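For reference, query_12.cif is printed below; it contains mmCIF, C-alpha atoms.
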```cif
data_target
#
loop_
_atom_site.group_PDB
_atom_site.id
_atom_site.type_symbol
_atom_site.label_atom_id
_atom_site.label_comp_id
_atom_site.auth_asym_id
_atom_site.auth_seq_id
_atom_site.Cartn_x
_atom_site.Cartn_y
_atom_site.Cartn_z
ATOM 1 C CA MET A 1 10.894 -16.192 -27.639
ATOM 2 C CA LEU A 2 9.938 -16.814 -24.016
ATOM 3 C CA ASP A 3 11.980 -13.789 -22.967
ATOM 4 C CA ASN A 4 10.156 -11.548 -25.390
ATOM 5 C CA MET A 5 6.795 -12.836 -24.195
ATOM 6 C CA LEU A 6 7.728 -12.290 -20.526
ATOM 7 C CA ASN A 7 8.962 -8.778 -21.288
ATOM 8 C CA THR A 8 5.738 -7.903 -23.095
ATOM 9 C CA ILE A 9 3.606 -9.263 -20.253
ATOM 10 C CA PHE A 10 5.713 -7.313 -17.750
ATOM 11 C CA ILE A 11 5.277 -4.056 -19.664
ATOM 12 C CA ILE A 12 1.516 -4.498 -20.021
ATOM 13 C CA THR A 13 1.135 -5.359 -16.326
ATOM 14 C CA ALA A 14 3.283 -2.396 -15.273
ATOM 15 C CA ALA A 15 1.130 -0.088 -17.415
ATOM 16 C CA ILE A 16 -2.011 -1.500 -15.772
ATOM 17 C CA ILE A 17 -0.493 -0.942 -12.310
ATOM 18 C CA LEU A 18 0.487 2.661 -12.999
ATOM 19 C CA ILE A 19 -2.795 3.636 -14.700
ATOM 20 C CA SER A 20 -4.988 2.093 -12.008
ATOM 21 C CA ALA A 21 -2.817 3.625 -9.258
ATOM 22 C CA LEU A 22 -3.246 7.063 -10.841
ATOM 23 C CA LEU A 23 -6.999 6.485 -11.098
ATOM 24 C CA THR A 24 -7.042 5.352 -7.466
ATOM 25 C CA ILE A 25 -5.537 8.517 -6.063
ATOM 26 C CA THR A 26 -7.496 10.879 -8.319
ATOM 27 C CA ALA A 27 -10.953 9.348 -7.874
ATOM 28 C CA HIS A 28 -13.554 11.327 -5.956
ATOM 29 C CA ASN A 29 -15.710 8.367 -5.021
ATOM 30 C CA VAL A 30 -14.134 6.108 -2.387
ATOM 31 C CA VAL A 31 -15.794 2.992 -3.807
ATOM 32 C CA HIS A 32 -14.314 3.626 -7.273
ATOM 33 C CA ALA A 33 -10.891 4.203 -5.706
ATOM 34 C CA LEU A 34 -11.143 0.897 -3.840
ATOM 35 C CA LEU A 35 -12.084 -1.006 -7.009
ATOM 36 C CA TYR A 36 -9.116 0.505 -8.860
ATOM 37 C CA LEU A 37 -6.943 -0.431 -5.865
ATOM 38 C CA VAL A 38 -8.096 -4.054 -6.177
ATOM 39 C CA ILE A 39 -7.023 -3.991 -9.844
ATOM 40 C CA THR A 40 -3.623 -2.626 -8.758
ATOM 41 C CA MET A 41 -3.204 -5.419 -6.199
ATOM 42 C CA LEU A 42 -4.071 -8.129 -8.737
ATOM 43 C CA ALA A 43 -1.601 -6.684 -11.252
ATOM 44 C CA VAL A 44 1.117 -6.535 -8.569
ATOM 45 C CA SER A 45 0.497 -10.206 -7.858
ATOM 46 C CA LEU A 46 0.978 -10.912 -11.581
ATOM 47 C CA ILE A 47 4.324 -9.093 -11.353
ATOM 48 C CA PHE A 48 5.260 -11.404 -8.466
ATOM 49 C CA PHE A 49 4.381 -14.417 -10.617
ATOM 50 C CA ILE A 50 6.589 -13.097 -13.424
ATOM 51 C CA LEU A 51 9.458 -12.581 -10.969
ATOM 52 C CA GLY A 52 9.057 -16.184 -9.772
ATOM 53 C CA ALA A 53 7.720 -15.517 -6.270
ATOM 54 C CA SER A 54 4.532 -17.572 -6.508
ATOM 55 C CA PHE A 55 3.970 -17.781 -2.730
ATOM 56 C CA ALA A 56 4.048 -13.995 -2.436
ATOM 57 C CA ALA A 57 1.667 -13.725 -5.390
ATOM 58 C CA ALA A 58 -0.851 -16.059 -3.758
ATOM 59 C CA LEU A 59 -0.599 -14.142 -0.475
ATOM 60 C CA GLN A 60 -1.048 -10.855 -2.332
ATOM 61 C CA ILE A 61 -4.348 -12.066 -3.783
ATOM 62 C CA ILE A 62 -5.600 -13.699 -0.568
ATOM 63 C CA ILE A 63 -4.638 -11.055 1.985
ATOM 64 C CA TYR A 64 -4.379 -7.748 0.092
ATOM 65 C CA ALA A 65 -7.081 -8.131 -2.526
ATOM 66 C CA GLY A 66 -9.197 -10.235 -0.168
ATOM 67 C CA ALA A 67 -8.932 -9.351 3.487
ATOM 68 C CA ILE A 68 -7.598 -5.779 3.548
ATOM 69 C CA MET A 69 -9.899 -4.617 0.746
ATOM 70 C CA VAL A 70 -12.901 -6.138 2.521
ATOM 71 C CA LEU A 71 -11.919 -4.169 5.639
ATOM 72 C CA PHE A 72 -11.752 -0.962 3.579
ATOM 73 C CA ILE A 73 -15.091 -1.661 1.892
ATOM 74 C CA PHE A 74 -16.820 -2.317 5.224
ATOM 75 C CA VAL A 75 -15.597 0.996 6.635
ATOM 76 C CA THR A 76 -16.642 2.765 3.431
ATOM 77 C CA MET A 77 -20.101 1.211 3.658
ATOM 78 C CA MET A 78 -20.374 2.502 7.231
ATOM 79 C CA LEU A 79 -19.284 6.039 6.373
ATOM 80 C CA HIS A 80 -20.391 6.704 2.790
ATOM 81 C CA GLN A 81 -23.351 9.053 2.393
ATOM 82 C CA GLY A 82 -23.758 9.082 -1.358
ATOM 83 C CA GLU A 83 -23.988 12.481 -3.010
ATOM 84 C CA LYS A 84 -23.181 14.418 0.163
ATOM 85 C CA SER A 85 -19.757 12.871 0.685
ATOM 86 C CA LEU A 86 -19.061 13.156 -3.066
ATOM 87 C CA ALA A 87 -19.658 16.898 -2.897
ATOM 88 C CA GLN A 88 -17.497 17.117 0.241
ATOM 89 C CA GLU A 89 -14.700 15.259 -1.542
ATOM 90 C CA ARG A 90 -14.911 17.488 -4.637
ATOM 91 C CA HIS A 91 -14.515 20.441 -2.310
ATOM 92 C CA LEU A 92 -11.511 18.822 -0.603
ATOM 93 C CA PHE A 93 -9.537 17.642 -3.635
ATOM 94 C CA HIS A 94 -9.229 19.330 -7.004
ATOM 95 C CA PHE A 95 -6.310 19.972 -9.279
ATOM 96 C CA SER A 96 -5.503 23.541 -8.236
ATOM 97 C CA THR A 97 -4.891 22.533 -4.605
ATOM 98 C CA SER A 98 -2.477 19.777 -5.552
ATOM 99 C CA ILE A 99 -0.019 21.651 -7.775
ATOM 100 C CA THR A 100 2.593 21.918 -5.010
ATOM 101 C CA ALA A 101 2.339 18.228 -4.218
ATOM 102 C CA LEU A 102 2.590 17.402 -7.922
ATOM 103 C CA PHE A 103 5.694 19.569 -8.248
ATOM 104 C CA LEU A 104 7.421 18.032 -5.204
ATOM 105 C CA SER A 105 6.678 14.433 -6.128
ATOM 106 C CA SER A 106 7.641 14.904 -9.785
ATOM 107 C CA MET A 107 10.924 16.461 -8.637
ATOM 108 C CA LEU A 108 11.599 13.357 -6.537
ATOM 109 C CA PHE A 109 10.644 11.179 -9.505
ATOM 110 C CA PHE A 110 13.055 12.919 -11.868
ATOM 111 C CA GLU A 111 15.845 12.699 -9.301
ATOM 112 C CA LEU A 112 15.307 8.958 -9.036
ATOM 113 C CA ILE A 113 15.202 8.614 -12.851
ATOM 114 C CA PHE A 114 18.463 10.536 -13.048
ATOM 115 C CA MET A 115 20.086 8.255 -10.481
ATOM 116 C CA LEU A 116 18.847 5.150 -12.265
ATOM 117 C CA PHE A 117 19.517 5.866 -15.913
ATOM 118 C CA LEU A 118 21.942 8.734 -16.287
ATOM 119 C CA THR A 119 24.682 7.610 -13.932
ATOM 120 C CA PRO A 120 27.249 5.114 -15.287
ATOM 121 C CA THR A 121 26.480 1.550 -14.209
ATOM 122 C CA ASP A 122 27.881 -1.884 -14.699
ATOM 123 C CA SER A 123 25.792 -3.167 -17.592
ATOM 124 C CA ALA A 124 26.669 -6.823 -16.983
ATOM 125 C CA ASN A 125 24.796 -6.808 -13.676
ATOM 126 C CA SER A 126 21.593 -5.231 -14.932
ATOM 127 C CA ARG A 127 19.452 -8.336 -15.388
ATOM 128 C CA VAL A 128 17.069 -10.263 -13.205
ATOM 129 C CA THR A 129 17.246 -13.990 -13.672
ATOM 130 C CA ALA A 130 14.203 -15.639 -15.192
ATOM 131 C CA PRO A 131 11.858 -17.661 -12.964
ATOM 132 C CA SER A 132 13.196 -20.854 -14.523
ATOM 133 C CA SER A 133 16.517 -20.516 -12.655
ATOM 134 C CA ALA A 134 15.488 -21.792 -9.233
ATOM 135 C CA ILE A 135 12.017 -22.342 -7.832
ATOM 136 C CA ILE A 136 11.504 -21.180 -4.244
ATOM 137 C CA THR A 137 9.025 -23.539 -2.642
ATOM 138 C CA VAL A 138 6.863 -22.796 0.369
ATOM 139 C CA LYS A 139 8.932 -25.349 2.280
ATOM 140 C CA ASP A 140 12.073 -23.261 1.778
ATOM 141 C CA ILE A 141 10.298 -20.173 3.088
ATOM 142 C CA GLY A 142 8.961 -22.074 6.087
ATOM 143 C CA THR A 143 12.396 -23.471 6.933
ATOM 144 C CA GLN A 144 13.890 -19.989 6.744
ATOM 145 C CA LEU A 145 11.031 -18.472 8.709
ATOM 146 C CA TYR A 146 11.245 -20.873 11.654
ATOM 147 C CA GLY A 147 15.031 -21.162 11.527
ATOM 148 C CA PRO A 148 17.069 -17.951 11.377
ATOM 149 C CA TYR A 149 14.036 -15.629 11.300
ATOM 150 C CA SER A 150 12.110 -17.020 14.294
ATOM 151 C CA LEU A 151 12.630 -13.843 16.334
ATOM 152 C CA LEU A 152 10.934 -11.854 13.555
ATOM 153 C CA VAL A 153 7.907 -14.172 13.684
ATOM 154 C CA VAL A 154 7.569 -13.542 17.430
ATOM 155 C CA ILE A 155 7.944 -9.788 16.939
ATOM 156 C CA SER A 156 5.303 -9.675 14.196
ATOM 157 C CA ALA A 157 2.944 -11.680 16.411
ATOM 158 C CA LEU A 158 3.437 -9.090 19.158
ATOM 159 C CA MET A 159 2.779 -6.347 16.605
ATOM 160 C CA LEU A 160 -0.496 -7.960 15.518
ATOM 161 C CA LEU A 161 -1.583 -8.318 19.159
ATOM 162 C CA SER A 162 -0.817 -4.691 19.926
ATOM 163 C CA ALA A 163 -2.639 -3.569 16.768
ATOM 164 C CA LEU A 164 -5.672 -5.626 17.844
ATOM 165 C CA ILE A 165 -5.702 -4.055 21.319
ATOM 166 C CA THR A 166 -5.237 -0.557 19.860
ATOM 167 C CA ALA A 167 -8.069 -0.999 17.354
ATOM 168 C CA ILE A 168 -10.448 -2.257 20.057
ATOM 169 C CA HIS A 169 -9.476 0.569 22.405
ATOM 170 C CA ILE A 170 -9.851 3.324 19.785
ATOM 171 C CA SER A 171 -13.105 2.165 18.258
ATOM 172 C CA LYS A 172 -14.789 1.662 21.632
ATOM 173 C CA SER A 173 -17.651 4.128 21.528
ATOM 174 C CA PRO A 174 -17.009 7.059 23.890
ATOM 175 C CA VAL A 175 -20.738 7.713 24.293
ATOM 176 C CA THR A 176 -21.531 4.316 25.794
ATOM 177 C CA SER A 177 -18.596 4.528 28.210
ATOM 178 C CA GLU A 178 -19.847 7.945 29.339
ATOM 179 C CA ILE A 179 -23.300 6.526 29.988
ATOM 180 C CA LYS A 180 -21.750 3.646 31.877
ATOM 181 C CA THR A 181 -19.779 5.958 34.190
ATOM 182 C CA LYS A 182 -22.918 8.020 34.773
ATOM 183 C CA ALA A 183 -24.794 4.856 35.685
ATOM 184 C CA ASP A 184 -21.977 3.891 38.021
ATOM 185 C CA ASN A 185 -22.135 7.279 39.720
ATOM 186 C CA LEU A 186 -25.882 6.975 40.221
ATOM 187 C CA MET B 187 15.115 -12.060 -18.477
ATOM 188 C CA ILE B 188 13.523 -8.874 -17.217
ATOM 189 C CA PRO B 189 16.033 -6.041 -16.776
ATOM 190 C CA ILE B 190 16.169 -4.938 -13.165
ATOM 191 C CA SER B 191 15.979 -1.291 -14.239
ATOM 192 C CA TRP B 192 12.413 -1.917 -15.466
ATOM 193 C CA VAL B 193 11.411 -3.231 -12.046
ATOM 194 C CA PHE B 194 13.133 -0.231 -10.447
ATOM 195 C CA MET B 195 11.231 2.061 -12.776
ATOM 196 C CA LEU B 196 7.879 0.446 -11.931
ATOM 197 C CA SER B 197 8.533 0.493 -8.202
ATOM 198 C CA LEU B 198 9.706 4.108 -8.146
ATOM 199 C CA SER B 199 6.770 5.292 -10.241
ATOM 200 C CA LEU B 200 4.302 3.505 -7.958
ATOM 201 C CA PHE B 201 6.033 4.958 -4.887
ATOM 202 C CA VAL B 202 5.900 8.490 -6.294
ATOM 203 C CA ILE B 203 2.213 8.086 -7.189
ATOM 204 C CA GLY B 204 1.516 6.990 -3.607
ATOM 205 C CA LEU B 205 3.548 9.902 -2.253
ATOM 206 C CA PHE B 206 1.556 12.320 -4.397
ATOM 207 C CA GLY B 207 -1.618 10.811 -2.976
ATOM 208 C CA VAL B 208 -0.408 11.290 0.604
ATOM 209 C CA LEU B 209 0.606 14.896 -0.090
ATOM 210 C CA ALA B 210 -2.391 16.007 -2.142
ATOM 211 C CA ARG B 211 -5.440 14.306 -0.638
ATOM 212 C CA ARG B 212 -7.095 15.654 2.503
ATOM 213 C CA ASN B 213 -9.446 12.746 3.132
ATOM 214 C CA LEU B 214 -8.056 10.339 5.753
ATOM 215 C CA LEU B 215 -9.379 7.275 3.904
ATOM 216 C CA PHE B 216 -7.565 8.261 0.691
ATOM 217 C CA ILE B 217 -4.339 8.826 2.623
ATOM 218 C CA LEU B 218 -4.543 5.264 3.954
ATOM 219 C CA ILE B 219 -5.125 3.976 0.394
ATOM 220 C CA SER B 220 -2.055 5.893 -0.831
ATOM 221 C CA LEU B 221 0.010 4.387 2.001
ATOM 222 C CA GLU B 222 -1.026 0.956 0.739
ATOM 223 C CA LEU B 223 0.257 1.871 -2.727
ATOM 224 C CA MET B 224 3.617 2.962 -1.278
ATOM 225 C CA LEU B 225 3.961 -0.289 0.694
ATOM 226 C CA ASN B 226 3.256 -2.241 -2.495
ATOM 227 C CA ALA B 227 6.019 -0.378 -4.335
ATOM 228 C CA VAL B 228 8.511 -1.300 -1.613
ATOM 229 C CA VAL B 229 7.382 -4.927 -1.720
ATOM 230 C CA ILE B 230 7.937 -5.158 -5.492
ATOM 231 C CA LEU B 231 11.482 -3.873 -4.965
ATOM 232 C CA PHE B 232 12.165 -6.442 -2.209
ATOM 233 C CA ILE B 233 11.039 -9.392 -4.316
ATOM 234 C CA ALA B 234 12.876 -8.232 -7.442
ATOM 235 C CA ALA B 235 16.069 -7.765 -5.412
ATOM 236 C CA SER B 236 15.816 -11.269 -3.949
ATOM 237 C CA ARG B 237 15.480 -12.666 -7.497
ATOM 238 C CA TYR B 238 18.459 -10.588 -8.560
ATOM 239 C CA HIS B 239 20.633 -12.240 -5.891
ATOM 240 C CA SER B 240 19.205 -15.705 -6.496
ATOM 241 C CA ALA B 241 22.690 -17.249 -6.851
ATOM 242 C CA SER B 242 23.298 -16.879 -3.120
ATOM 243 C CA ILE B 243 21.899 -19.293 -0.538
ATOM 244 C CA ALA B 244 19.237 -17.204 1.134
ATOM 245 C CA ASN B 245 17.198 -16.245 -1.924
ATOM 246 C CA SER B 246 13.831 -16.474 -0.184
ATOM 247 C CA ASP B 247 14.651 -13.423 1.941
ATOM 248 C CA GLY B 248 12.527 -11.176 -0.256
ATOM 249 C CA GLN B 249 9.403 -13.228 0.333
ATOM 250 C CA ILE B 250 10.076 -13.311 4.088
ATOM 251 C CA MET B 251 10.343 -9.529 4.089
ATOM 252 C CA TYR B 252 7.101 -9.537 2.070
ATOM 253 C CA LEU B 253 5.402 -11.545 4.827
ATOM 254 C CA LEU B 254 6.586 -9.057 7.456
ATOM 255 C CA ILE B 255 5.468 -6.060 5.378
ATOM 256 C CA LEU B 256 2.083 -7.742 4.895
ATOM 257 C CA THR B 257 1.716 -8.118 8.677
ATOM 258 C CA LEU B 258 2.723 -4.487 9.110
ATOM 259 C CA ALA B 259 0.211 -3.341 6.485
ATOM 260 C CA ALA B 260 -2.596 -5.344 8.065
ATOM 261 C CA SER B 261 -2.001 -3.921 11.547
ATOM 262 C CA GLU B 262 -1.534 -0.397 10.157
ATOM 263 C CA ILE B 263 -4.832 -0.643 8.298
ATOM 264 C CA ALA B 264 -6.640 -1.977 11.373
ATOM 265 C CA VAL B 265 -5.444 0.910 13.551
ATOM 266 C CA GLY B 266 -5.921 3.496 10.782
ATOM 267 C CA LEU B 267 -9.471 2.442 9.951
ATOM 268 C CA SER B 268 -10.471 2.453 13.606
ATOM 269 C CA LEU B 269 -9.086 6.009 13.779
ATOM 270 C CA VAL B 270 -11.187 6.849 10.676
ATOM 271 C CA VAL B 271 -14.351 5.503 12.321
ATOM 272 C CA HIS B 272 -13.585 7.367 15.551
ATOM 273 C CA MET B 273 -12.936 10.628 13.675
ATOM 274 C CA TYR B 274 -16.153 10.277 11.697
ATOM 275 C CA ARG B 275 -18.109 9.751 14.901
ATOM 276 C CA GLN B 276 -16.695 12.920 16.437
ATOM 277 C CA HIS B 277 -16.518 15.340 13.483
ATOM 278 C CA HIS B 278 -18.871 13.869 10.812
ATOM 279 C CA HIS B 279 -16.261 14.430 8.092
ATOM 280 C CA LEU B 280 -12.780 13.129 7.283
ATOM 281 C CA ASP B 281 -10.923 16.383 6.512
ATOM 282 C CA ILE B 282 -7.534 16.143 8.225
ATOM 283 C CA ASP B 283 -6.968 19.905 7.990
ATOM 284 C CA LYS B 284 -9.678 20.363 10.615
ATOM 285 C CA LEU B 285 -7.707 18.266 13.077
ATOM 286 C CA ASN B 286 -5.652 21.036 14.638
ATOM 287 C CA LYS B 287 -6.506 20.576 18.298
ATOM 288 C CA LEU B 288 -5.237 17.832 20.553
ATOM 289 C CA ARG B 289 -8.507 17.648 22.538
ATOM 290 C CA ASP B 290 -12.072 18.811 21.865
#
```

Same coordinates, now as structure tokens:
Amino acid sequence: MLDNMLNTIFIITAAIILISALLTITAHNVVHALLYLVITMLAVSLIFFILGASFAAALQIIIYAGAIMVLFIFVTMMLHQGEKSLAQERHLFHFSTSITALFLSSMLFFELIFMLFLTPTDSANSRVTAPSSAIITVKDIGTQLYGPYSLLVVISALMLLSALITAIHISKSPVTSEIKTKADNL
Amino acid sequence: MIPISWVFMLSLSLFVIGLFGVLARRNLLFILISLELMLNAVVILFIAASRYHSASIANSDGQIMYLLILTLAASEIAVGLSLVVHMYRQHHHLDIDKLNKLRD
């Protein structure tokens, strides 16, 4: 009974993910694409809940659907020009220009389907255990993270620092620095 | 009990959709969005695989890899969006096919 319910919820959530992902990459308006992307992120977090990774699900909602999407929406608000950018985007992306990409990616997709379903597999191993088997608490993750994985924490901190410096350096306005050097020369 | 082939199917479909987005779109902002979709597909696969091997000791490895991928995605988006803003300041559009010179 519970298995059937979980399977049904998984199928519905997977359908929501795929449909909203397709709508995301085919939308012409950036704001619509971002809203569909938020729906995709929320559905992915539901998948994490079904698979029993509740910490990852919470982080998915907080960081992906919260922080990263807000970053995207701020940049879109800075750059979007209404009807003008819509017309530009319609010129850039329509179906006839994307036939080659569709062909290549569908070929990859069918190859992967072939590898998954048409090659002989061991059918006894083809099940994921239900979330009731063992609950991974945040404490377990923290113990792992600051025990055997502590080098990875340091490396990701370095990566965040370098990304911060890169973003500041790139988005520094070249016009103001030019004016400043001119003022220095005077 | 969710069969692992369903999770595979979902993850591969999401990855291929993201790949199609990267190949077909010419707007830099949409390419970044498609990269996010591809990272999400990989993350689903990591977490499903760590549930699949939940009998072993280190079954929280998938969520630790998720944390690292999240950090990677955040820094990638920060750098990518600052490149988008810079490109819009210089060219007043986001068409990556126009970017064929290394300097102005």

Taking only C-alpha atoms into account, find every residue of chain B that has an atom no more than 8 Å from chain A, and write it out as a PyMOL selection string. chain B and resi 187-191+195-196+198-200+202-207+209-213+215-216+219-220+223+226+230+233-234+237-238+240+245-246+249-250+252-254+257-258+260-265+267-269+271-272+274+281

Pairwise distance for atom CA of Leu35 of chain A and atom CA of Gly266 of chain B, rounded to one decimal in Å: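 Value for the atom CA of Leu35 of chain A-atom CA of Gly266 of chain B distance: 19.4 Å.
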
Determine the axis-aligned bounding box of all atoms of segment 245-260 of chain B present in the file, pad each side by 6 Å, and express its centre and edge lengths in Å to one decimal place as AutoDock Vina command-line options.
```
--center_x 7.3 --center_y -9.9 --center_z 3.6 --size_x 31.8 --size_y 25.1 --size_z 23.0
```

Suppose you want the space between atom CA of Asp247 of chain B and atom CA of Ile9 of chain A; what is it in Å? 25.1 Å

So how many Å separate atom CA of Gly248 of chain B and atom CA of Ser236 of chain B, to one decimal?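 Interatomic distance, atom CA of Gly248 of chain B to atom CA of Ser236 of chain B: 4.9 Å.
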
Neighbouring residues of Leu231 of chain B were defined as those with any atom within 7 Å, considering only C-alpha atoms; residues of the same chain fewer than 4 positions away were excluded. Please report them as a ChimeraX atom specification. /B:194,197,227,235

Filtering to C-alpha atoms, could you give me those residues as a short mmCIF file (atom, residue, chain, number, x, y, z; two decimals), keeping the file's coordinate frame?
```cif
data_model
loop_
_atom_site.label_atom_id
_atom_site.label_comp_id
_atom_site.auth_asym_id
_atom_site.auth_seq_id
_atom_site.Cartn_x
_atom_site.Cartn_y
_atom_site.Cartn_z
CA PHE B 194 13.13 -0.23 -10.45
CA SER B 197 8.53 0.49 -8.20
CA ALA B 227 6.02 -0.38 -4.34
CA ALA B 235 16.07 -7.76 -5.41
#
```

Can you patch up segment 80-88 of chain A, filling it in to all heavy atoms, and show the result as a PDB file, in the frame of the given file?
```
ATOM      1  N   HIS A  80     -20.058   6.020   4.030  1.00  0.00           N
ATOM      2  CA  HIS A  80     -20.391   6.704   2.790  1.00  0.00           C
ATOM      3  C   HIS A  80     -21.831   7.211   2.821  1.00  0.00           C
ATOM      4  O   HIS A  80     -22.731   6.504   3.240  1.00  0.00           O
ATOM      5  CB  HIS A  80     -20.215   5.735   1.625  1.00  0.00           C
ATOM      6  CG  HIS A  80     -19.985   6.435   0.327  1.00  0.00           C
ATOM      7  ND1 HIS A  80     -18.949   7.302   0.130  1.00  0.00           N
ATOM      8  CD2 HIS A  80     -20.646   6.389  -0.843  1.00  0.00           C
ATOM      9  CE1 HIS A  80     -18.989   7.765  -1.101  1.00  0.00           C
ATOM     10  NE2 HIS A  80     -20.009   7.222  -1.709  1.00  0.00           N
ATOM     11  N   GLN A  81     -22.011   8.467   2.368  1.00  0.00           N
ATOM     12  CA  GLN A  81     -23.351   9.053   2.393  1.00  0.00           C
ATOM     13  C   GLN A  81     -23.803   9.468   1.008  1.00  0.00           C
ATOM     14  O   GLN A  81     -24.564  10.416   0.873  1.00  0.00           O
ATOM     15  CB  GLN A  81     -23.359  10.265   3.307  1.00  0.00           C
ATOM     16  CG  GLN A  81     -23.144   9.914   4.749  1.00  0.00           C
ATOM     17  CD  GLN A  81     -23.113  11.145   5.593  1.00  0.00           C
ATOM     18  OE1 GLN A  81     -22.630  12.179   5.161  1.00  0.00           O
ATOM     19  NE2 GLN A  81     -23.636  11.049   6.790  1.00  0.00           N
ATOM     20  N   GLY A  82     -23.297   8.801  -0.010  1.00  0.00           N
ATOM     21  CA  GLY A  82     -23.758   9.082  -1.358  1.00  0.00           C
ATOM     22  C   GLY A  82     -23.323  10.451  -1.852  1.00  0.00           C
ATOM     23  O   GLY A  82     -22.165  10.815  -1.776  1.00  0.00           O
ATOM     24  N   GLU A  83     -24.287  11.226  -2.323  1.00  0.00           N
ATOM     25  CA  GLU A  83     -23.988  12.481  -3.010  1.00  0.00           C
ATOM     26  C   GLU A  83     -23.354  13.511  -2.076  1.00  0.00           C
ATOM     27  O   GLU A  83     -22.528  14.324  -2.493  1.00  0.00           O
ATOM     28  CB  GLU A  83     -25.289  13.022  -3.604  1.00  0.00           C
ATOM     29  CG  GLU A  83     -25.110  13.998  -4.735  1.00  0.00           C
ATOM     30  CD  GLU A  83     -24.175  13.486  -5.823  1.00  0.00           C
ATOM     31  OE1 GLU A  83     -24.320  12.329  -6.267  1.00  0.00           O
ATOM     32  OE2 GLU A  83     -23.285  14.257  -6.212  1.00  0.00           O
ATOM     33  N   LYS A  84     -23.704  13.427  -0.778  1.00  0.00           N
ATOM     34  CA  LYS A  84     -23.181  14.418   0.163  1.00  0.00           C
ATOM     35  C   LYS A  84     -21.672  14.280   0.332  1.00  0.00           C
ATOM     36  O   LYS A  84     -20.929  15.268   0.259  1.00  0.00           O
ATOM     37  CB  LYS A  84     -23.879  14.238   1.519  1.00  0.00           C
ATOM     38  CG  LYS A  84     -23.570  15.335   2.505  1.00  0.00           C
ATOM     39  CD  LYS A  84     -24.130  14.987   3.875  1.00  0.00           C
ATOM     40  CE  LYS A  84     -23.485  15.836   4.952  1.00  0.00           C
ATOM     41  NZ  LYS A  84     -23.644  15.254   6.277  1.00  0.00           N
ATOM     42  N   SER A  85     -21.198  13.036   0.506  1.00  0.00           N
ATOM     43  CA  SER A  85     -19.757  12.871   0.685  1.00  0.00           C
ATOM     44  C   SER A  85     -19.017  13.091  -0.628  1.00  0.00           C
ATOM     45  O   SER A  85     -17.852  13.504  -0.618  1.00  0.00           O
ATOM     46  CB  SER A  85     -19.445  11.501   1.269  1.00  0.00           C
ATOM     47  OG  SER A  85     -20.252  10.523   0.734  1.00  0.00           O
ATOM     48  N   LEU A  86     -19.688  12.845  -1.775  1.00  0.00           N
ATOM     49  CA  LEU A  86     -19.061  13.156  -3.066  1.00  0.00           C
ATOM     50  C   LEU A  86     -18.816  14.655  -3.195  1.00  0.00           C
ATOM     51  O   LEU A  86     -17.727  15.089  -3.601  1.00  0.00           O
ATOM     52  CB  LEU A  86     -19.957  12.696  -4.204  1.00  0.00           C
ATOM     53  CG  LEU A  86     -19.740  11.277  -4.718  1.00  0.00           C
ATOM     54  CD1 LEU A  86     -20.650  11.021  -5.890  1.00  0.00           C
ATOM     55  CD2 LEU A  86     -18.312  11.100  -5.117  1.00  0.00           C
ATOM     56  N   ALA A  87     -19.811  15.444  -2.811  1.00  0.00           N
ATOM     57  CA  ALA A  87     -19.658  16.898  -2.897  1.00  0.00           C
ATOM     58  C   ALA A  87     -18.569  17.380  -1.949  1.00  0.00           C
ATOM     59  O   ALA A  87     -17.756  18.253  -2.298  1.00  0.00           O
ATOM     60  CB  ALA A  87     -20.984  17.569  -2.571  1.00  0.00           C
ATOM     61  N   GLN A  88     -18.534  16.775  -0.725  1.00  0.00           N
ATOM     62  CA  GLN A  88     -17.497  17.117   0.241  1.00  0.00           C
ATOM     63  C   GLN A  88     -16.107  16.824  -0.336  1.00  0.00           C
ATOM     64  O   GLN A  88     -15.192  17.640  -0.225  1.00  0.00           O
ATOM     65  CB  GLN A  88     -17.706  16.259   1.493  1.00  0.00           C
ATOM     66  CG  GLN A  88     -17.718  17.031   2.785  1.00  0.00           C
ATOM     67  CD  GLN A  88     -18.131  16.134   3.926  1.00  0.00           C
ATOM     68  OE1 GLN A  88     -17.945  14.927   3.876  1.00  0.00           O
ATOM     69  NE2 GLN A  88     -18.691  16.711   4.956  1.00  0.00           N
TER      70      GLN A  88
END
```
